[in-house]
$ cat data_20.cif   # mmCIF, C-alpha atoms
data_upload
loop_
_atom_site.label_atom_id
_atom_site.label_comp_id
_atom_site.auth_asym_id
_atom_site.auth_seq_id
_atom_site.Cartn_x
_atom_site.Cartn_y
_atom_site.Cartn_z
CA MET G 697 3.43 -25.91 32.50
CA GLY G 698 3.32 -25.52 28.73
CA ILE G 699 3.81 -28.25 26.20
CA SER G 700 7.49 -28.78 25.39
CA ALA G 701 8.94 -28.64 21.89
CA ARG G 702 9.75 -32.35 22.13
CA GLU G 703 6.11 -33.17 22.94
CA LEU G 704 4.82 -30.93 20.16
CA ALA G 705 7.25 -32.51 17.70
CA ALA G 706 6.21 -36.00 18.72
CA ALA G 707 2.52 -35.11 18.34
CA THR G 708 2.92 -33.70 14.82
CA PRO G 709 0.47 -35.37 12.42
CA ALA G 710 1.94 -37.06 9.38
CA SER G 711 -0.13 -34.81 7.12
CA ARG G 712 1.63 -31.60 8.24
CA ASP G 713 3.85 -29.94 5.65
CA ARG G 714 7.01 -29.64 7.73
CA TYR G 715 8.95 -27.98 4.94
CA ILE G 716 6.71 -24.91 5.29
CA ASP G 717 7.65 -24.67 8.96
CA LEU G 718 11.31 -24.95 8.02
CA LEU G 719 10.93 -22.11 5.51
CA ARG G 720 9.22 -19.92 8.12
CA VAL G 721 12.06 -20.35 10.61
CA ALA G 722 14.83 -20.12 8.03
CA SER G 723 13.48 -16.94 6.42
CA LEU G 724 13.19 -15.10 9.74
CA ALA G 725 16.67 -16.30 10.75
CA VAL G 726 18.12 -14.92 7.51
CA VAL G 727 16.39 -11.56 8.12
CA VAL G 728 17.82 -11.35 11.63
CA LEU G 729 21.31 -12.27 10.47
CA GLY G 730 21.07 -9.76 7.63
CA HIS G 731 20.13 -6.95 10.01
CA TRP G 732 23.05 -7.80 12.27
CA LEU G 733 25.45 -7.76 9.34
CA MET G 734 24.15 -4.62 7.64
CA ALA G 735 24.48 -2.44 10.74
CA ALA G 736 27.91 -0.82 10.37
CA VAL G 737 28.85 1.22 13.46
CA GLY G 738 32.09 3.15 13.09
CA PRO G 739 34.55 4.63 15.61
CA ASP G 740 32.35 7.72 16.00
CA GLY G 741 29.36 5.63 17.06
CA GLN G 742 27.35 6.50 13.94
CA ILE G 743 25.30 3.67 12.44
CA GLY G 744 25.69 3.17 8.71
CA ASN G 745 24.64 0.53 6.22
CA LEU G 746 27.25 -1.99 5.11
CA LEU G 747 25.62 -2.20 1.67
CA ALA G 748 26.24 1.53 1.21
CA VAL G 749 29.84 1.20 2.39
CA VAL G 750 30.47 -1.74 0.03
CA PRO G 751 27.99 -1.32 -2.86
CA GLU G 752 29.20 -4.53 -4.51
CA LEU G 753 27.51 -6.47 -1.71
CA GLN G 754 24.10 -5.28 -2.84
CA LEU G 755 23.98 -8.22 -5.24
CA VAL G 756 23.75 -10.64 -2.29
CA THR G 757 20.32 -9.18 -1.47
CA TRP G 758 19.05 -11.16 -4.46
CA VAL G 759 19.49 -14.25 -2.30
CA PHE G 760 19.19 -12.94 1.26
CA GLN G 761 16.18 -10.60 0.92
CA VAL G 762 13.84 -13.39 1.94
CA MET G 763 10.77 -11.55 3.23
CA PRO G 764 8.88 -12.76 0.11
CA VAL G 765 9.45 -16.33 1.30
CA PHE G 766 7.95 -15.54 4.71
CA PHE G 767 4.87 -13.94 3.14
CA PHE G 768 4.54 -16.87 0.73
CA VAL G 769 4.58 -19.25 3.71
CA GLY G 770 1.99 -17.03 5.37
CA GLY G 771 -0.34 -17.41 2.41
CA PHE G 772 -0.07 -21.19 2.60
CA SER G 773 -0.77 -21.23 6.35
CA HIS G 774 -3.60 -18.72 6.17
CA ALA G 775 -5.40 -20.72 3.49
CA LEU G 776 -5.39 -23.86 5.63
CA ALA G 777 -6.28 -21.95 8.80
CA HIS G 778 -9.26 -20.16 7.26
CA ARG G 779 -10.65 -23.35 5.79
CA SER G 780 -10.58 -24.96 9.23
CA ARG G 781 -11.95 -21.84 10.99
CA PRO G 782 -14.04 -19.89 8.45
CA ALA G 783 -15.75 -17.46 10.87
CA TYR G 784 -13.94 -14.15 10.29
CA ALA G 785 -13.61 -12.96 13.90
CA SER G 786 -12.38 -16.27 15.29
CA PHE G 787 -10.02 -16.73 12.32
CA LEU G 788 -8.45 -13.33 12.98
CA ARG G 789 -8.08 -13.92 16.70
CA ALA G 790 -6.56 -17.37 16.19
CA ARG G 791 -4.04 -16.06 13.62
CA LEU G 792 -3.11 -12.90 15.50
CA GLN G 793 -2.72 -14.00 19.11
CA ARG G 794 0.89 -15.11 18.73
CA LEU G 795 1.64 -12.03 16.64
CA LEU G 796 0.01 -9.15 18.49
CA ARG G 797 0.55 -10.23 22.09
CA PRO G 798 4.39 -10.27 21.91
CA THR G 799 4.28 -7.14 19.73
CA MET G 800 2.27 -5.17 22.26
CA VAL G 801 4.60 -6.28 25.06
CA PHE G 802 7.57 -5.10 22.98
CA VAL G 803 5.85 -1.75 22.39
CA ALA G 804 5.00 -1.37 26.08
CA VAL G 805 8.52 -2.13 27.29
CA TRP G 806 10.25 0.13 24.78
CA GLY G 807 7.63 2.84 25.23
CA ALA G 808 8.21 2.90 28.97
CA ALA G 809 12.00 2.88 28.48
CA ALA G 810 11.77 5.74 25.97
CA LEU G 811 9.67 7.79 28.37
CA VAL G 812 12.15 7.32 31.21
CA LEU G 813 15.16 8.08 29.01
CA GLN G 814 13.63 11.24 27.59
CA LEU G 815 12.50 12.52 30.98
CA ALA G 816 16.06 11.97 32.21
CA GLY G 817 17.54 13.67 29.14
CA ALA G 818 19.50 10.52 28.30
CA ASP G 819 18.15 10.03 24.78
CA GLY G 820 21.16 11.27 22.80
CA GLY G 821 23.89 9.42 20.91
CA LEU G 822 23.40 5.71 20.30
CA THR G 823 20.41 5.69 22.66
CA GLY G 824 18.60 8.19 20.45
CA VAL G 825 19.43 6.13 17.39
CA ALA G 826 18.09 3.03 19.12
CA LEU G 827 14.82 4.79 19.91
CA ARG G 828 14.42 5.51 16.21
CA LEU G 829 15.55 2.15 14.87
CA VAL G 830 14.05 -0.52 17.13
CA THR G 831 10.52 -0.07 15.77
CA GLN G 832 11.47 -0.16 12.08
CA PRO G 833 10.95 -3.94 11.68
CA LEU G 834 7.33 -3.43 12.77
CA TRP G 835 6.52 -2.60 9.13
CA PHE G 836 6.68 -6.33 8.50
CA ILE G 837 4.06 -6.98 11.17
CA GLY G 838 1.82 -4.29 9.70
CA ILE G 839 2.00 -5.91 6.26
CA TYR G 840 1.37 -9.32 7.77
CA LEU G 841 -1.74 -7.99 9.55
CA ALA G 842 -3.05 -6.81 6.19
CA MET G 843 -2.46 -10.26 4.72
CA VAL G 844 -4.44 -11.90 7.50
CA ALA G 845 -7.25 -9.35 7.13
CA PHE G 846 -7.56 -9.89 3.37
CA THR G 847 -7.20 -13.68 3.44
CA PRO G 848 -10.95 -14.52 3.33
CA PRO G 849 -11.87 -12.44 0.23
CA LEU G 850 -8.62 -13.17 -1.60
CA LEU G 851 -8.93 -16.88 -0.85
CA ARG G 852 -12.40 -16.85 -2.38
CA LEU G 853 -11.00 -15.17 -5.48
CA HIS G 854 -8.25 -17.78 -5.62
CA GLU G 855 -10.73 -20.63 -5.34
CA ARG G 856 -12.69 -19.19 -8.25
CA TRP G 857 -9.93 -17.90 -10.53
CA GLY G 858 -6.70 -19.65 -9.43
CA TRP G 859 -3.73 -18.09 -11.21
CA GLY G 860 -6.06 -15.42 -12.54
CA ALA G 861 -6.37 -13.88 -9.05
CA PHE G 862 -2.59 -13.69 -8.81
CA ALA G 863 -2.44 -12.18 -12.29
CA VAL G 864 -4.82 -9.38 -11.27
CA LEU G 865 -2.63 -8.43 -8.30
CA ALA G 866 0.56 -8.65 -10.38
CA GLY G 867 -1.12 -6.57 -13.09
CA GLY G 868 -1.95 -3.98 -10.46
CA ALA G 869 1.75 -3.80 -9.53
CA VAL G 870 2.67 -3.29 -13.19
CA ALA G 871 0.07 -0.53 -13.58
CA VAL G 872 1.27 1.24 -10.45
CA ASP G 873 4.89 1.32 -11.63
CA VAL G 874 3.85 2.55 -15.09
CA LEU G 875 1.84 5.36 -13.52
CA ARG G 876 4.69 6.10 -11.14
CA PHE G 877 7.65 6.13 -13.50
CA ALA G 878 6.11 6.88 -16.90
CA ALA G 879 3.25 9.22 -15.94
CA ASP G 880 4.76 10.62 -12.72
CA VAL G 881 1.45 10.24 -10.84
CA PRO G 882 2.07 11.31 -7.23
CA PHE G 883 1.56 8.90 -4.31
CA VAL G 884 0.38 6.04 -6.55
CA GLU G 885 3.49 4.03 -5.62
CA PHE G 886 2.11 3.34 -2.14
CA LEU G 887 -0.56 1.08 -3.65
CA ASN G 888 2.21 -1.44 -4.28
CA PHE G 889 2.46 -2.16 -0.58
CA ALA G 890 -0.80 -4.01 -1.27
CA PHE G 891 -0.36 -5.27 -4.84
CA VAL G 892 3.19 -6.62 -4.51
CA TRP G 893 2.97 -8.25 -1.10
CA LEU G 894 -0.55 -9.63 -1.59
CA ALA G 895 0.55 -11.13 -4.91
CA VAL G 896 3.37 -12.97 -3.13
CA HIS G 897 0.89 -14.03 -0.44
CA GLN G 898 -1.41 -15.34 -3.19
CA LEU G 899 1.36 -17.70 -4.29
CA GLY G 900 0.95 -19.39 -0.92
CA PHE G 901 -2.70 -20.12 -1.75
CA LEU G 902 -1.58 -21.68 -5.01
CA ARG G 903 0.97 -23.79 -3.14
CA ALA G 904 -1.72 -24.94 -0.67
CA ASP G 905 -3.80 -26.28 -3.55
CA GLY G 906 -0.91 -27.91 -5.41
CA MET G 907 -0.94 -25.39 -8.26
CA LEU G 908 2.77 -24.45 -8.24
CA ARG G 909 3.69 -27.26 -10.61
CA ARG G 910 6.58 -25.63 -12.51
CA PRO G 911 8.84 -23.95 -9.95
CA ALA G 912 11.80 -23.81 -12.35
CA LEU G 913 9.74 -21.72 -14.77
CA LEU G 914 8.59 -19.47 -11.92
CA ALA G 915 12.15 -18.98 -10.66
CA GLY G 916 13.55 -18.39 -14.14
CA ALA G 917 10.85 -15.90 -15.11
CA GLY G 918 11.30 -14.00 -11.87
CA LEU G 919 15.07 -13.86 -12.17
CA VAL G 920 15.00 -12.77 -15.80
CA GLY G 921 12.32 -10.19 -15.07
CA ALA G 922 14.17 -8.70 -12.09
CA THR G 923 17.44 -8.61 -14.04
CA ALA G 924 15.84 -6.86 -17.00
CA LEU G 925 14.04 -4.31 -14.83
CA VAL G 926 17.20 -3.41 -12.91
CA ALA G 927 19.33 -3.30 -16.06
CA LEU G 928 16.93 -1.29 -18.20
CA GLY G 929 14.60 0.56 -15.84
CA PRO G 930 14.79 2.96 -12.93
CA TYR G 931 15.10 0.17 -10.36
CA PRO G 932 18.14 -0.06 -8.04
CA LEU G 933 20.26 -3.17 -7.67
CA SER G 934 19.58 -3.66 -3.98
CA MET G 935 16.44 -5.55 -2.98
CA VAL G 936 16.52 -3.88 0.43
CA GLY G 937 16.16 -0.19 1.18
CA MET G 938 19.28 1.95 1.04
CA PRO G 939 19.86 5.27 2.82
CA GLY G 940 19.33 8.32 0.65
CA GLU G 941 18.28 6.45 -2.49
CA LYS G 942 15.78 8.16 -4.79
CA VAL G 943 14.03 4.89 -5.68
CA SER G 944 13.79 1.92 -3.33
CA ASN G 945 12.67 -1.55 -4.31
CA MET G 946 11.30 -2.03 -0.80
CA ALA G 947 9.60 1.15 0.39
CA PRO G 948 7.30 1.18 -1.42
CA PRO G 949 7.71 -2.18 -3.17
CA THR G 950 8.30 -2.25 -6.91
CA LEU G 951 7.66 -4.63 -9.77
CA ALA G 952 11.34 -5.60 -9.51
CA LEU G 953 10.75 -6.79 -5.96
CA LEU G 954 7.73 -8.82 -7.11
CA CYS G 955 9.93 -10.50 -9.74
CA HIS G 956 12.49 -11.12 -7.01
CA GLY G 957 9.74 -12.76 -4.96
CA LEU G 958 8.83 -15.04 -7.89
CA TRP G 959 12.45 -16.08 -8.23
CA LEU G 960 12.78 -16.88 -4.53
CA VAL G 961 9.49 -18.78 -4.30
CA GLY G 962 10.43 -20.84 -7.34
CA ALA G 963 13.86 -21.51 -5.84
CA VAL G 964 12.57 -22.74 -2.48
CA GLU G 965 10.01 -24.92 -4.25
CA LEU G 966 12.82 -26.49 -6.27
CA LEU G 967 14.48 -27.34 -2.94
CA ARG G 968 11.30 -28.84 -1.55
CA GLY G 969 12.38 -32.47 -1.87
CA PRO G 970 15.74 -32.18 -0.07
CA GLY G 971 14.21 -29.78 2.45
CA ALA G 972 11.39 -32.16 3.28
CA ARG G 973 13.84 -35.02 3.79
CA LEU G 974 15.97 -32.85 6.06
CA VAL G 975 13.11 -31.74 8.27
CA ALA G 976 11.76 -35.31 8.48
CA ARG G 977 14.71 -36.10 10.77
CA ALA G 978 13.54 -36.13 14.38
CA GLY G 979 16.28 -33.88 15.72
CA VAL G 980 15.87 -31.32 12.95
CA TRP G 981 12.11 -31.26 13.37
CA ARG G 982 12.38 -30.71 17.15
CA THR G 983 14.68 -27.76 16.45
CA VAL G 984 12.23 -26.30 13.93
CA VAL G 985 9.31 -26.70 16.36
CA ALA G 986 11.27 -25.04 19.15
CA ALA G 987 12.35 -22.18 16.87
CA ASN G 988 8.80 -21.62 15.61
CA GLY G 989 7.67 -21.22 19.21
CA ILE G 990 9.96 -18.22 19.76
CA ALA G 991 10.38 -16.85 16.24
CA MET G 992 8.28 -13.71 16.65
CA THR G 993 9.82 -12.85 20.01
CA ALA G 994 13.32 -13.22 18.59
CA PHE G 995 12.42 -11.09 15.57
CA LEU G 996 11.00 -8.31 17.73
CA TRP G 997 14.02 -8.11 20.04
CA HIS G 998 16.96 -8.86 17.73
CA LEU G 999 17.68 -5.20 16.93
CA THR G 1000 17.54 -4.38 20.63
CA ALA G 1001 20.19 -7.05 21.18
CA MET G 1002 22.41 -5.79 18.37
CA LEU G 1003 22.23 -2.19 19.58
CA GLY G 1004 22.90 -3.41 23.10
CA VAL G 1005 26.10 -5.11 21.96
CA TYR G 1006 27.32 -1.94 20.27
CA GLY G 1007 26.32 0.10 23.31
CA VAL G 1008 28.35 -2.11 25.61
CA MET G 1009 31.34 -1.93 23.29
CA LEU G 1010 31.22 1.86 23.09
CA GLY G 1011 30.54 2.23 26.81
CA SER G 1012 33.46 0.00 27.77
CA GLY G 1013 35.91 1.81 25.50
CA VAL G 1014 36.31 -0.98 22.94
CA ALA G 1015 37.73 0.50 19.74
CA LEU G 1016 35.34 0.10 16.83
CA PRO G 1017 37.17 -0.22 13.50
CA GLU G 1018 36.08 1.41 10.28
CA PRO G 1019 33.17 -0.51 8.71
CA ALA G 1020 34.22 -3.04 6.06
CA SER G 1021 37.88 -2.86 7.10
CA GLY G 1022 39.80 -6.04 7.82
CA ALA G 1023 39.52 -5.47 11.57
CA TRP G 1024 35.79 -4.84 11.25
CA TRP G 1025 35.25 -8.14 9.42
CA ALA G 1026 37.37 -9.93 11.99
CA GLN G 1027 34.99 -8.71 14.71
CA VAL G 1028 31.86 -9.85 12.88
CA PRO G 1029 31.70 -13.40 14.34
CA LEU G 1030 32.17 -12.07 17.87
CA ARG G 1031 29.52 -9.36 17.46
CA ILE G 1032 27.02 -11.81 15.98
CA ALA G 1033 27.69 -14.34 18.74
CA ALA G 1034 27.18 -11.65 21.39
CA ALA G 1035 23.97 -10.45 19.71
CA ALA G 1036 22.72 -14.04 19.55
CA VAL G 1037 23.39 -14.56 23.27
CA LEU G 1038 21.65 -11.31 24.20
CA THR G 1039 18.71 -12.17 21.94
CA ALA G 1040 18.44 -15.55 23.66
CA LEU G 1041 18.32 -13.83 27.05
CA LEU G 1042 15.57 -11.48 25.87
CA VAL G 1043 13.66 -14.42 24.40
CA ALA G 1044 13.91 -16.23 27.73
CA VAL G 1045 12.30 -13.22 29.43
CA PHE G 1046 9.54 -12.53 26.90
CA ARG G 1047 8.82 -15.87 25.22
CA ARG G 1048 5.83 -16.63 27.44
CA PHE G 1049 3.84 -13.95 25.63
CA GLU G 1050 4.18 -15.97 22.43
CA ALA G 1051 3.04 -19.21 24.03
CA LEU G 1052 0.14 -21.09 22.53
CA VAL G 1053 -3.21 -20.42 24.21
CA PRO G 1054 -6.44 -22.42 23.97
CA ALA G 1055 -8.45 -21.55 20.88
CA ALA G 1056 -11.62 -19.55 21.42
CA PRO G 1057 -14.92 -21.19 20.43
CA ALA G 1058 -15.77 -20.66 16.78
CA THR G 1059 -18.22 -17.83 16.20
CA ASP G 1060 -20.10 -16.42 13.25
CA THR G 1061 -20.54 -12.98 14.84
CA GLY G 1062 -18.16 -10.14 15.64
CA GLY G 1063 -16.85 -9.84 12.08
CA PRO G 1064 -17.29 -6.04 11.75
CA LEU G 1065 -15.66 -5.51 15.16
CA ALA G 1066 -12.75 -7.74 14.17
CA ALA G 1067 -12.33 -5.88 10.87
CA LEU G 1068 -12.20 -2.55 12.70
CA GLY G 1069 -9.76 -3.98 15.20
CA ILE G 1070 -7.29 -5.29 12.65
CA ALA G 1071 -7.49 -2.02 10.69
CA LEU G 1072 -6.62 -0.01 13.80
CA ALA G 1073 -3.84 -2.41 14.75
CA LEU G 1074 -2.40 -2.27 11.23
CA LEU G 1075 -2.39 1.54 11.18
CA GLY G 1076 -0.89 1.72 14.66
CA VAL G 1077 1.91 -0.73 13.99
CA LEU G 1078 2.80 0.84 10.65
CA GLY G 1079 2.70 4.30 12.20
CA LEU G 1080 5.01 3.27 15.00
CA SER G 1081 7.44 1.69 12.54
CA MET G 1082 7.75 5.14 10.95
CA THR G 1083 7.83 7.39 14.01
CA GLY G 1084 9.97 5.31 16.36
CA PHE G 1085 10.11 6.31 20.02
CA ALA G 1086 12.49 9.25 19.57
CA GLY G 1087 10.74 12.55 20.21
CA LEU G 1088 8.05 10.79 22.23
CA LEU G 1089 7.46 13.89 24.35
CA SER G 1090 8.11 16.51 21.68
CA GLY G 1091 5.23 15.57 19.38
CA HIS G 1092 7.47 14.17 16.62
CA SER G 1093 5.28 12.79 13.85
CA ALA G 1094 5.52 10.90 10.57
CA THR G 1095 3.09 10.83 7.66
CA LEU G 1096 1.01 7.69 7.34
CA ILE G 1097 -1.32 7.65 4.32
CA ALA G 1098 -1.22 11.47 4.13
CA VAL G 1099 -2.08 11.81 7.86
CA PRO G 1100 0.52 12.90 10.46
CA VAL G 1101 0.79 10.38 13.30
CA THR G 1102 2.74 10.53 16.54
CA ALA G 1103 4.18 7.63 18.53
CA PRO G 1104 1.59 7.92 21.36
CA ALA G 1105 -1.24 7.95 18.82
CA ALA G 1106 0.25 4.93 17.01
CA VAL G 1107 0.55 3.01 20.28
CA GLY G 1108 -3.06 3.85 21.12
CA LEU G 1109 -4.28 2.65 17.73
CA ALA G 1110 -2.35 -0.62 17.96
CA LEU G 1111 -3.56 -1.33 21.51
CA ALA G 1112 -7.18 -0.51 20.70
CA GLY G 1113 -7.04 -2.70 17.60
CA TRP G 1114 -5.61 -5.65 19.46
CA LEU G 1115 -8.25 -5.42 22.19
CA LEU G 1116 -11.04 -5.23 19.62
CA VAL G 1117 -9.77 -8.32 17.80
CA GLU G 1118 -9.57 -10.17 21.12
CA ARG G 1119 -13.09 -9.07 22.03
CA ALA G 1120 -14.56 -9.93 18.64
CA GLY G 1121 -13.09 -13.42 18.71
CA ARG G 1122 -14.96 -14.18 21.95
CA ILE G 1123 -18.43 -12.97 20.91
CA ARG G 1124 -20.91 -15.81 20.50
CA SER G 1125 -24.04 -15.72 18.46
CA ARG G 1126 -27.32 -16.00 20.31
#
$ encode --input "data_20.cif" --output "structure tokens"
Amino acid sequence: MGISARELAAATPASRDRYIDLLRVASLAVVVLGHWLMAAVGPDGQIGNLLAVVPELQLVTWVFQVMPVFFFVGGFSHALAHRSRPAYASFLRARLQRLLRPTMVFVAVWGAAALVLQLAGADGGLTGVALRLVTQPLWFIGIYLAMVAFTPPLLRLHERWGWGAFAVLAGGAVAVDVLRFAADVPFVEFLNFAFVWLAVHQLGFLRADGMLRRPALLAGAGLVGATALVALGPYPLSMVGMPGEKVSNMAPPTLALLCHGLWLVGAVELLRGPGARLVARAGVWRTVVAANGIAMTAFLWHLTAMLGVYGVMLGSGVALPEPASGAWWAQVPLRIAAAAVLTALLVAVFRRFEALVPAAPATDTGGPLAALGIALALLGVLGLSMTGFAGLLSGHSATLIAVPVTAPAAVGLALAGWLLVERAGRIRSR
């Protein structure tokens, strides 16, 4: 029997920053809700994007595009975790167990389902769309793997230079966008997957050491910067990717998205006092602890649940109204409730793979093996987020860092990387 959420909540030390845990749960919940809302399936069964149907709603992404908050929280947690477990291999294994285990189970289940569906010739229509879409959120896990991998060197830079380390990463993002938009340098924009997200992650280090002392200034500067860039530059209004757009703020990230991240981090820090008082309540804290224990599983399976709801509706002959019509909005609460119930059922089945496991003994060996493992896992997960499971048997590929990759190859890379990280974390020095 595992430890219950009530027991974990009761055992929480007074020194723990519970507000960080609240932000982690809240940010993932907003992402899930946003995905459920943005999926606009019409009467013909085609999946569109609500933000493209109603462009005026793109402004709400300035509040609800909260991935920067999750990565900021990650930086805070990784700083504390590495200081308590400095050996690289054991640090990686400890941070990645609850991330990679449920991810690999998700990949295995969907991979097997895709194989069966394609062998049976049943991979058309909404099923084919599902095979393409369900892996897209894995990009987030790939980025998060990179953040874990780079935590030790970037934390050392932070400890030496403080805000200067953040400034270097932010300056890199500025340089990339100048080269991209002013000099038209090809492929340089992909460097901002590192510069932008690692800069946001670096803010978590600053938070861990009490160096975010003026959150209002941070929020204001970020908001003004993002507004100016969107108003005057080539940046779109939406802070999430839009179908068919020439420039996306998300893929690859832009300087506008970094400014958006500054605004959000400053905003949540301004709410720190009320948030800390809220999560200090016993009932609220038990809920946060319970949600943290299943957060990754829910994130992995929430698109499966949403597509399942639409599949049942189409299969049972329920009339789907035109997206953004009055009837469509009237159905929103029912669709979200159904998706939440189905997600809960999937979490009940797969949550055990996210359960806490005993920590491996600390080790000062296995670092190179762990580095190779996380690199392979990162490439595999990112590759799979791009290829999806559609065309599994036909050799369908996508380009990852100028190299074509297929879904089977991506799965192999991710699995090999995970196993190497697990192995490296168990090696003891002699």
$ resolve_selection --input "data_20.cif" --expression "the PyMOL selection byres ((chain G and resi 926) around 12)" --output "PyMOL selection string"
chain G and resi 755+758+919-925+927-935+943-945+950-953+955-956
$ residues_near_point --input "data_20.cif" --point "(-2.6, -17.8, -10.6)" --cutoff "9 Å" --atoms "all atoms listed in the file" --output "PyMOL selection string"
chain G and resi 854+857-864+898-899+902+907-908
$ resolve_selection --input "data_20.cif" --expression "the PyMOL selection byres ((chain G and resi 791) around 12)" --output "ChimeraX atom specification"
/G:770-771,773-778,780-782,784-790,792-797,840-845,847,1052-1053,1055-1056,1070,1117-1118,1121
$ write_last_selection --input "data_20.cif" --atoms "C-alpha atoms" --output "PDB file, in the coordinates of the input"
ATOM      1  CA  GLY G 770       1.990 -17.030   5.370  1.00  0.00           C
ATOM      2  CA  GLY G 771      -0.340 -17.410   2.410  1.00  0.00           C
ATOM      3  CA  SER G 773      -0.770 -21.230   6.350  1.00  0.00           C
ATOM      4  CA  HIS G 774      -3.600 -18.720   6.170  1.00  0.00           C
ATOM      5  CA  ALA G 775      -5.400 -20.720   3.490  1.00  0.00           C
ATOM      6  CA  LEU G 776      -5.390 -23.860   5.630  1.00  0.00           C
ATOM      7  CA  ALA G 777      -6.280 -21.950   8.800  1.00  0.00           C
ATOM      8  CA  HIS G 778      -9.260 -20.160   7.260  1.00  0.00           C
ATOM      9  CA  SER G 780     -10.580 -24.960   9.230  1.00  0.00           C
ATOM     10  CA  ARG G 781     -11.950 -21.840  10.990  1.00  0.00           C
ATOM     11  CA  PRO G 782     -14.040 -19.890   8.450  1.00  0.00           C
ATOM     12  CA  TYR G 784     -13.940 -14.150  10.290  1.00  0.00           C
ATOM     13  CA  ALA G 785     -13.610 -12.960  13.900  1.00  0.00           C
ATOM     14  CA  SER G 786     -12.380 -16.270  15.290  1.00  0.00           C
ATOM     15  CA  PHE G 787     -10.020 -16.730  12.320  1.00  0.00           C
ATOM     16  CA  LEU G 788      -8.450 -13.330  12.980  1.00  0.00           C
ATOM     17  CA  ARG G 789      -8.080 -13.920  16.700  1.00  0.00           C
ATOM     18  CA  ALA G 790      -6.560 -17.370  16.190  1.00  0.00           C
ATOM     19  CA  LEU G 792      -3.110 -12.900  15.500  1.00  0.00           C
ATOM     20  CA  GLN G 793      -2.720 -14.000  19.110  1.00  0.00           C
ATOM     21  CA  ARG G 794       0.890 -15.110  18.730  1.00  0.00           C
ATOM     22  CA  LEU G 795       1.640 -12.030  16.640  1.00  0.00           C
ATOM     23  CA  LEU G 796       0.010  -9.150  18.490  1.00  0.00           C
ATOM     24  CA  ARG G 797       0.550 -10.230  22.090  1.00  0.00           C
ATOM     25  CA  TYR G 840       1.370  -9.320   7.770  1.00  0.00           C
ATOM     26  CA  LEU G 841      -1.740  -7.990   9.550  1.00  0.00           C
ATOM     27  CA  ALA G 842      -3.050  -6.810   6.190  1.00  0.00           C
ATOM     28  CA  MET G 843      -2.460 -10.260   4.720  1.00  0.00           C
ATOM     29  CA  VAL G 844      -4.440 -11.900   7.500  1.00  0.00           C
ATOM     30  CA  ALA G 845      -7.250  -9.350   7.130  1.00  0.00           C
ATOM     31  CA  THR G 847      -7.200 -13.680   3.440  1.00  0.00           C
ATOM     32  CA  LEU G1052       0.140 -21.090  22.530  1.00  0.00           C
ATOM     33  CA  VAL G1053      -3.210 -20.420  24.210  1.00  0.00           C
ATOM     34  CA  ALA G1055      -8.450 -21.550  20.880  1.00  0.00           C
ATOM     35  CA  ALA G1056     -11.620 -19.550  21.420  1.00  0.00           C
ATOM     36  CA  ILE G1070      -7.290  -5.290  12.650  1.00  0.00           C
ATOM     37  CA  VAL G1117      -9.770  -8.320  17.800  1.00  0.00           C
ATOM     38  CA  GLU G1118      -9.570 -10.170  21.120  1.00  0.00           C
ATOM     39  CA  GLY G1121     -13.090 -13.420  18.710  1.00  0.00           C
TER      40      GLY G1121
END
$ atom_distance --input "data_20.cif" --atom1 "CA of Ala783 in chain G" --atom2 "CA of Trp1114 in chain G"
17.8 Å
$ resolve_selection --input "data_20.cif" --expression "the PyMOL selection byres ((chain G and resi 815-821) around 12)" --output "list in words"
Asp740, Gly741, Gln742, Ile743, Ala808, Ala809, Ala810, Leu811, Val812, Leu813, Gln814, Leu822, Thr823, Gly824, Val825, Ala826, Leu827, Arg828, Leu1003, Tyr1006, Gly1007, Leu1010, Gly1011, Phe1085, Ala1086, Gly1087, Leu1088, Leu1089 and Ser1090 of chain G
$ atom_distance --input "data_20.cif" --atom1 "CA of Val1043 in chain G" --atom2 "CA of Trp835 in chain G"
20.6 Å
$ residues_around --input "data_20.cif" --residues "Gly971 in chain G" --least-positions-apart "5" --cutoff "9 Å" --atoms "only C-alpha atoms" --output "list in words"
Arg714, Tyr715, Leu718, Leu719, Val964 and Ala976 of chain G
$ atom_distance --input "data_20.cif" --atom1 "CA of Val756 in chain G" --atom2 "CA of Glu941 in chain G"
17.9 Å
$ closest_residue --input "data_20.cif" --among "G:Leu729, G:Ala912, G:Arg876, G:Trp997" --to "Arg1031 in chain G" --atoms "only C-alpha atoms"
G:Leu729
$ closest_residue --input "data_20.cif" --among "G:Gly738, G:Ile1032, G:Arg909, G:Ala1044" --to "Leu1016 in chain G" --atoms "all atoms listed in the file"
G:Gly738
$ closest_residue --input "data_20.cif" --among "G:Ser1021, G:Ser1012, G:Thr993, G:Gln761" --to "Phe1046 in chain G" --atoms "all atoms listed in the file"
G:Thr993
$ closest_residue --input "data_20.cif" --among "G:Gly838, G:Gly1063, G:Gly940, G:Val1037" --to "Gly744 in chain G" --atoms "all atoms listed in the file"
G:Gly940
$ axis_aligned_box --input "data_20.cif" --around "range 966-973 of chain G" --padding-each-side "6 Å" --output "JSON"
{"center_x": 13.5, "center_y": -30.8, "center_z": -1.2, "size_x": 16.4, "size_y": 20.5, "size_z": 22.1}
